[in-house]
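Below: the structure, in structure tokens.
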Amino acid sequence: MALFSKNYPPEIAARIPPGQRLVKTWPVLHYGPIPTFDGTNWDLELAGLVENPVTLSYQELRALPNADVPADMHCVTGWTTLDNSWHGVSFRTLLELVKPTPEAKWVIAHCEYGYTSNLSLEAMSDEDVLVAWANGGQDLEPEHGWPLRLVVPKRYAWKSAKWLTGLEFVDENKRGFWEVRGYHIHAEPFGEERYSYQEGARAELEP
């Protein structure tokens, strides 16, 4: 169900990026099948250009300091949902754990079935970025990324990759699944950074 822009009060309209419509539902969009999870053979690998590579079991991950993040979500297909409540572990907590080297400039999110997404370390280091296992006080449904998804609220939702299994710190950008298919590296909704043809000449070098 969508709400039309002419009905938005000013304080709501200011939170909706250009080209977006507000929806009350949470649409399900992803490529490929939904993976199964039993909690025994799953881990999160934090590797690459870091001082302390770490592999965390699901129990170890959830034992780290937890964080709650209220945030809006904007999908490149044109829908926006407001006031999501995410629960998980802040990406900044993971940074403290692994300590990226000075050469690390980008982060590659690795997910089930070989899916990847990429963002600059600068964008990932924002205070509202986390790895989440719950939304709205409930565990994520499998179709929304259970047991773990990356959440990057200030970027289009494909950057908030579902079924996360690893974060790799690298010195050069490596385009992810949707990026090699023509989508923008940085994906900032209020700048309408949707497609790769909108990128500047130095986009792959600039964080």
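Starting from 1 in every chain, residues are counted up; chains themselves are A, B, ... following the order of the structure tokens, and ligands are numbered from 1 as listed.
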*Select from chain A everything DSSP, run on the backbone, classes as alpha helix (DSSP H), then give the selection as number ranges by chain.*
A: 10-13, 58-63, 91-98, 121-124
Excluding A:Trp26 and any residue of its chain fewer than 6 positions from it, enumerate the residues within 10 Å of it, using only C-alpha atoms, and give them as an mmCIF file with C-alpha atoms, in the first residue's frame.
```cif
data_model
loop_
_atom_site.group_PDB
_atom_site.id
_atom_site.type_symbol
_atom_site.label_atom_id
_atom_site.label_comp_id
_atom_site.auth_asym_id
_atom_site.auth_seq_id
_atom_site.Cartn_x
_atom_site.Cartn_y
_atom_site.Cartn_z
ATOM 1 C CA MET A 1 0.000 0.000 0.000
ATOM 2 C CA MET A 73 14.810 2.508 4.417
ATOM 3 C CA TRP A 79 9.646 2.616 -2.176
ATOM 4 C CA THR A 80 10.483 4.059 1.242
ATOM 5 C CA THR A 81 9.565 2.859 4.722
ATOM 6 C CA HIS A 144 14.228 -10.255 5.070
#
```
Where does stretch 126-191 of chain A meet stretch 90-104 of chain A within 7 Å, residue by residue, with the nearest atom pair and distance in Å to one decimal for each, counting only C-alpha atoms, listed by chain and rising number, as JSON lines?
```
{"residue": "A:Val129", "atom": "CA", "partner": "A:Phe91", "partner_atom": "CA", "distance": 5.7}
{"residue": "A:Leu130", "atom": "CA", "partner": "A:Ser90", "partner_atom": "CA", "distance": 4.1}
{"residue": "A:Val131", "atom": "CA", "partner": "A:Ser90", "partner_atom": "CA", "distance": 6.4}
{"residue": "A:Phe169", "atom": "CA", "partner": "A:Ala104", "partner_atom": "CA", "distance": 5.7}
{"residue": "A:Val170", "atom": "CA", "partner": "A:Ala104", "partner_atom": "CA", "distance": 5.0}
{"residue": "A:Asp171", "atom": "CA", "partner": "A:Ala104", "partner_atom": "CA", "distance": 4.7}
```
*Near A:Ala134, counting only C-alpha atoms, which residues have an atom at most 12 Å away, once you skip same-chain residues fewer than 6 positions from it, shown as JSON, numbers by chain?*
{"A": [62, 66, 67, 68, 69, 70, 84, 85, 86, 87, 88, 89, 140, 141, 142, 144, 145, 146, 147, 148, 149, 150, 151]}
_Using only C-alpha atoms for the distances, tell me which of A:Gly176, A:His110, A:Arg155, A:Asp38 is nearest to A:Asp126._
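Smallest distance to A:Asp126 is found for A:Arg155.
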*Per DSSP on the backbone, what are the strand (DSSP E) residues of chain A, as number ranges by chain?*
A: 2-3, 21-23, 43-48, 54-57, 67-74, 79-90, 106-111, 116-120, 130-135, 138-139, 149-151, 164-170
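Shortest atom-to-atom contact with A:Pro33 among A:Tyr115, A:Trp158, A:Trp178, A:Tyr195: A:Tyr115, counting only C-alpha atoms.
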_Need to verify the contact set: A:Arg15, 12 Å, only C-alpha atoms, exclusion of same-chain residues closer than 5 positions in sequence. Can you return it as an NGL selection string?_
:A and (5 or 8-10 or 20-22 or 71-74 or 80-83 or 154 or 189-190)
*asked:* Please compute the atom CA of A:Ala109-atom CA of A:Ala161 distance, one decimal, in Å.
replied: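 About the pair atom CA of A:Ala109 and atom CA of A:Ala161: they are 7.2 Å apart.
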*Residue with smallest distance to A:Pro27 - pool A:Leu61, A:Val50, A:Cys75, A:Ile108, counting only C-alpha atoms*: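 Among the listed residues, A:Cys75 lies closest to A:Pro27.
Distance annotation: of A:Thr40, A:His30, A:Lys174, A:Ala132, the residue with the minimal separation from A:Thr116 is A:Lys174; atom set is only C-alpha atoms.
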